[in-house]
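*Asks:* Quick one: the structure is below, and I'll ask about it shortly.
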Amino acid sequence: MSPDDSFSRWIAALEAKHFAELTFPEVSRALRALSSTYVERRRKLAQGAALSGAGKRAAFALFYGPLHHLLVQHIAANLPGATRCPSTLVDLGCGTGASGAAWAHACTNSTRVIGIDRHPWALGEAADTYRTFGIPATVRQGDVATVKLPAAPAAMLAAFTVNELDAPARDALLPRLLDRARRGDRLLIIEPLAGFVAPWWNTWREAFEAAGGRADEWRLRTALPPIVEKLDRAAGLNHREITGRSLWLAA
Ligand SMILES: C[S@@+](CC[C@H](N)C(=O)[O-])C[C@H]1O[C@@H](n2cnc3c(N)ncnc32)[C@H](O)[C@@H]1O
């Protein structure tokens, strides 16, 4: 099965699931509310505001999930060595599993995923996503700041997650991840390009670079699934270009 087949099956399954409960206008209205939570009501993110309500959850799954997947697929394919994976990949703040599935699916060897999220709804979605991509996986409810992690070496992915942590949790996570990298973990952190989303980025970037890692910015123009394009237009957004930035550290 080619990656595209899995991706198309995943999108079809998401549409079937979420439009069984909600209409297109309901989802696109919720997408507007969700994007305003990400932009204007950021302080509510740490309280889980992004995934409050069925509409926002559907909008996240159908819209941001596929965008994150396409971006992470692109990043994994373009970072030197990123497709050689340890046997375990930890998807920190896995959400619907979109990003973890993209990286695991890009790996040239088989890797099992452990998806960790504090939100029970996300864990159910992530389990469905990993299954659709044929990736062996388990999901666990937990706080990424304190959760017990599997033995190193593992691949650690935090895609669009660190910006949702409060400052003490974020500050504690950085040395923990760097310590794991010294024991053989590969670290991939992904966040939006917009500076206001991640004011801590330069501190993290300097720490990754000092440890021998790298920072990159990404701009990807690719065909979007029709449902993503339609939601983009209906919610007045513009994702003809998918952008993001990453920190990468691999021993
Ligand atoms: C913007 S979503 C990104 C999801 C996924 N990584 C992706 O790329 O699509 C952020 C996720 O992090 C989770 N999250 C935020 N803070 C968390 C914490 N302290 N512990 C565990 N999960 C957390 C949220 O529940 C949400 O599912």
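Please note that chains go A, B, ... in the order of the structure tokens, that every chain numbers its residues from 1, and that ligands are numbered from 1 in the order shown.
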Produce as a PyMOL selection string the set of residues near ligand 1, where near means within 9 Å with only C-alpha atoms and all ligand atoms considered.

*Replies:* chain A and resi 38+45-48+50-51+60-61+64-69+72+91-100+116-123+141-147+157-166+169-170+190-191

*Asks:* Run DSSP on the backbone of this structure and report the residues of region 70-232 of chain A it assigns to helix (DSSP H, G or I), as a count of residues only.

*Replies:* 70

*Asks:* For Trp204 (chain A), find every residue with an atom within 12 Å (counting only C-alpha atoms), except residues of its own chain fewer than 3 positions away, and show them as a PyMOL selection string.

*Replies:* chain A and resi 162-163+170-175+177-178+187-191+198-201+207-211+213-215+246-249

*Asks:* If you keep N, CA, C and O atoms, can you produce a file of those selected residues as a short mmCIF file (atom, residue, chain, number, x, y, z; two decimals), in the first residue's frame?

*Replies:*
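Result file is part_26.cif:
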```
data_model
loop_
_atom_site.label_atom_id
_atom_site.label_comp_id
_atom_site.auth_asym_id
_atom_site.auth_seq_id
_atom_site.Cartn_x
_atom_site.Cartn_y
_atom_site.Cartn_z
N VAL A 162 4.07 21.59 22.49
CA VAL A 162 4.81 22.31 23.54
C VAL A 162 4.19 23.69 23.78
O VAL A 162 4.17 24.18 24.91
N ASN A 163 3.63 24.30 22.74
CA ASN A 163 3.04 25.64 22.93
C ASN A 163 1.77 25.58 23.79
O ASN A 163 1.29 26.62 24.23
N ARG A 170 6.70 23.36 30.52
CA ARG A 170 7.59 23.48 29.35
C ARG A 170 9.05 23.54 29.79
O ARG A 170 9.91 22.87 29.21
N ASP A 171 9.31 24.33 30.83
CA ASP A 171 10.69 24.48 31.29
C ASP A 171 11.24 23.17 31.84
O ASP A 171 12.44 22.92 31.78
N ALA A 172 10.35 22.35 32.40
CA ALA A 172 10.81 21.06 32.95
C ALA A 172 11.01 20.04 31.82
O ALA A 172 11.84 19.14 31.93
N LEU A 173 10.24 20.20 30.74
CA LEU A 173 10.32 19.21 29.65
C LEU A 173 11.64 19.32 28.87
O LEU A 173 12.20 18.31 28.46
N LEU A 174 12.15 20.54 28.70
CA LEU A 174 13.34 20.73 27.87
C LEU A 174 14.54 19.92 28.40
O LEU A 174 15.10 19.11 27.65
N PRO A 175 14.95 20.09 29.67
CA PRO A 175 16.11 19.30 30.13
C PRO A 175 15.83 17.80 30.13
O PRO A 175 16.73 16.99 29.89
N LEU A 177 14.02 16.15 27.91
CA LEU A 177 14.21 15.67 26.54
C LEU A 177 15.69 15.64 26.17
O LEU A 177 16.17 14.70 25.54
N LEU A 178 16.43 16.69 26.57
CA LEU A 178 17.85 16.74 26.21
C LEU A 178 18.61 15.60 26.89
O LEU A 178 19.51 15.00 26.29
N LEU A 187 14.95 13.50 18.78
CA LEU A 187 13.91 14.46 19.19
C LEU A 187 13.45 15.28 17.99
O LEU A 187 14.28 15.82 17.25
N LEU A 188 12.15 15.39 17.83
CA LEU A 188 11.60 16.26 16.79
C LEU A 188 10.47 17.09 17.41
O LEU A 188 9.47 16.55 17.88
N ILE A 189 10.69 18.40 17.43
CA ILE A 189 9.70 19.34 17.98
C ILE A 189 9.20 20.17 16.80
O ILE A 189 10.00 20.70 16.02
N ILE A 190 7.89 20.31 16.69
CA ILE A 190 7.33 21.08 15.57
C ILE A 190 6.33 22.09 16.12
O ILE A 190 5.53 21.76 17.02
N GLU A 191 6.40 23.31 15.60
CA GLU A 191 5.48 24.37 16.03
C GLU A 191 5.14 25.24 14.82
O GLU A 191 5.84 25.21 13.81
N ALA A 198 4.98 30.69 20.06
CA ALA A 198 6.03 30.01 20.82
C ALA A 198 7.15 30.99 21.19
O ALA A 198 8.24 30.93 20.64
N PRO A 199 6.87 31.90 22.15
CA PRO A 199 7.90 32.88 22.53
C PRO A 199 9.14 32.23 23.14
O PRO A 199 10.19 32.84 23.22
N TRP A 200 9.01 30.97 23.55
CA TRP A 200 10.11 30.20 24.15
C TRP A 200 11.01 29.58 23.10
O TRP A 200 12.00 28.93 23.43
N TRP A 201 10.66 29.73 21.81
CA TRP A 201 11.33 28.99 20.74
C TRP A 201 12.85 29.20 20.73
O TRP A 201 13.62 28.25 20.58
N ALA A 207 19.27 25.64 22.85
CA ALA A 207 19.61 24.41 23.59
C ALA A 207 19.79 23.23 22.63
O ALA A 207 20.73 22.43 22.77
N PHE A 208 18.94 23.14 21.63
CA PHE A 208 19.06 22.04 20.65
C PHE A 208 20.35 22.21 19.84
O PHE A 208 21.09 21.24 19.62
N GLU A 209 20.62 23.44 19.41
CA GLU A 209 21.82 23.66 18.59
C GLU A 209 23.08 23.40 19.41
O GLU A 209 24.04 22.81 18.92
N ALA A 210 23.07 23.81 20.69
CA ALA A 210 24.25 23.59 21.54
C ALA A 210 24.50 22.09 21.72
O ALA A 210 25.63 21.66 21.91
N ALA A 211 23.42 21.30 21.64
CA ALA A 211 23.57 19.85 21.81
C ALA A 211 23.87 19.15 20.48
O ALA A 211 23.93 17.92 20.42
N GLY A 213 22.04 19.76 17.55
CA GLY A 213 20.83 19.63 16.72
C GLY A 213 20.70 20.78 15.74
O GLY A 213 21.61 21.59 15.58
N ARG A 214 19.55 20.85 15.11
CA ARG A 214 19.34 21.90 14.10
C ARG A 214 17.90 22.44 14.17
O ARG A 214 16.99 21.77 14.70
N ALA A 215 17.74 23.64 13.62
CA ALA A 215 16.42 24.26 13.55
C ALA A 215 16.12 24.55 12.08
O ALA A 215 17.01 24.94 11.34
N SER A 246 10.83 23.48 12.91
CA SER A 246 11.17 22.27 13.66
C SER A 246 12.51 22.39 14.36
O SER A 246 13.38 23.17 13.95
N LEU A 247 12.64 21.62 15.42
CA LEU A 247 13.92 21.40 16.09
C LEU A 247 14.19 19.91 16.00
O LEU A 247 13.28 19.10 16.25
N TRP A 248 15.42 19.56 15.65
CA TRP A 248 15.75 18.14 15.41
C TRP A 248 17.08 17.85 16.07
O TRP A 248 18.05 18.58 15.91
N LEU A 249 17.10 16.79 16.86
CA LEU A 249 18.35 16.39 17.52
C LEU A 249 18.41 14.87 17.48
O LEU A 249 17.52 14.19 17.99
#
```

*Asks:* Tell me, as a CSV table (one decimal) with C-alpha atoms, in the first residue's frame, which residues lie within 7 Å of Gly55 (chain A), counting only C-alpha atoms; anything in the same chain fewer than 6 positions away does not count.

*Replies:*
```csv
chain,number,residue,atom,x,y,z
A,26,GLU,CA,-21.5,23.3,11.9
A,27,VAL,CA,-17.9,22.1,11.4
A,30,ALA,CA,-16.5,25.4,14.8
```

*Asks:* Excluding same-chain residues fewer than 5 positions from region 235-244 of chain A, what lies within 7 Å of it counting only C-alpha atoms, as a PyMOL selection string?

*Replies:* chain A and resi 28-29+31-32+71+190-193+217-221

*Asks:* Go ahead and write the selection's residues with N, CA and C atoms as a short mmCIF file (atom, residue, chain, number, x, y, z; two decimals), in the first residue's frame.

*Replies:*
```cif
data_model
loop_
_atom_site.label_atom_id
_atom_site.label_comp_id
_atom_site.auth_asym_id
_atom_site.auth_seq_id
_atom_site.Cartn_x
_atom_site.Cartn_y
_atom_site.Cartn_z
N SER A 28 -17.61 24.03 9.88
CA SER A 28 -16.84 25.20 9.46
C SER A 28 -17.00 26.34 10.47
N ARG A 29 -18.16 26.45 11.11
CA ARG A 29 -18.33 27.46 12.18
C ARG A 29 -17.39 27.12 13.35
N LEU A 31 -14.66 25.51 13.15
CA LEU A 31 -13.27 25.74 12.73
C LEU A 31 -12.89 27.21 12.93
N ARG A 32 -13.82 28.12 12.65
CA ARG A 32 -13.54 29.54 12.91
C ARG A 32 -13.27 29.76 14.40
N LEU A 71 2.49 18.18 6.73
CA LEU A 71 3.72 18.90 7.09
C LEU A 71 4.76 17.94 7.69
N ILE A 190 7.89 20.31 16.69
CA ILE A 190 7.33 21.08 15.57
C ILE A 190 6.33 22.09 16.12
N GLU A 191 6.40 23.31 15.60
CA GLU A 191 5.48 24.37 16.03
C GLU A 191 5.14 25.24 14.82
N PRO A 192 4.09 26.06 14.95
CA PRO A 192 3.79 27.00 13.87
C PRO A 192 4.92 28.03 13.72
N LEU A 193 4.96 28.66 12.54
CA LEU A 193 5.99 29.68 12.31
C LEU A 193 5.74 30.94 13.14
N GLU A 217 12.94 25.93 9.10
CA GLU A 217 11.60 26.48 8.80
C GLU A 217 11.11 25.81 7.52
N TRP A 218 9.83 25.56 7.45
CA TRP A 218 9.27 24.79 6.34
C TRP A 218 8.11 25.53 5.70
N ARG A 219 8.09 25.50 4.37
CA ARG A 219 6.96 26.05 3.62
C ARG A 219 6.63 25.04 2.53
N LEU A 220 5.45 24.51 2.59
CA LEU A 220 5.10 23.40 1.69
C LEU A 220 3.85 23.76 0.89
N ARG A 221 3.99 23.65 -0.43
CA ARG A 221 2.81 23.80 -1.29
C ARG A 221 2.48 22.43 -1.83
#
```
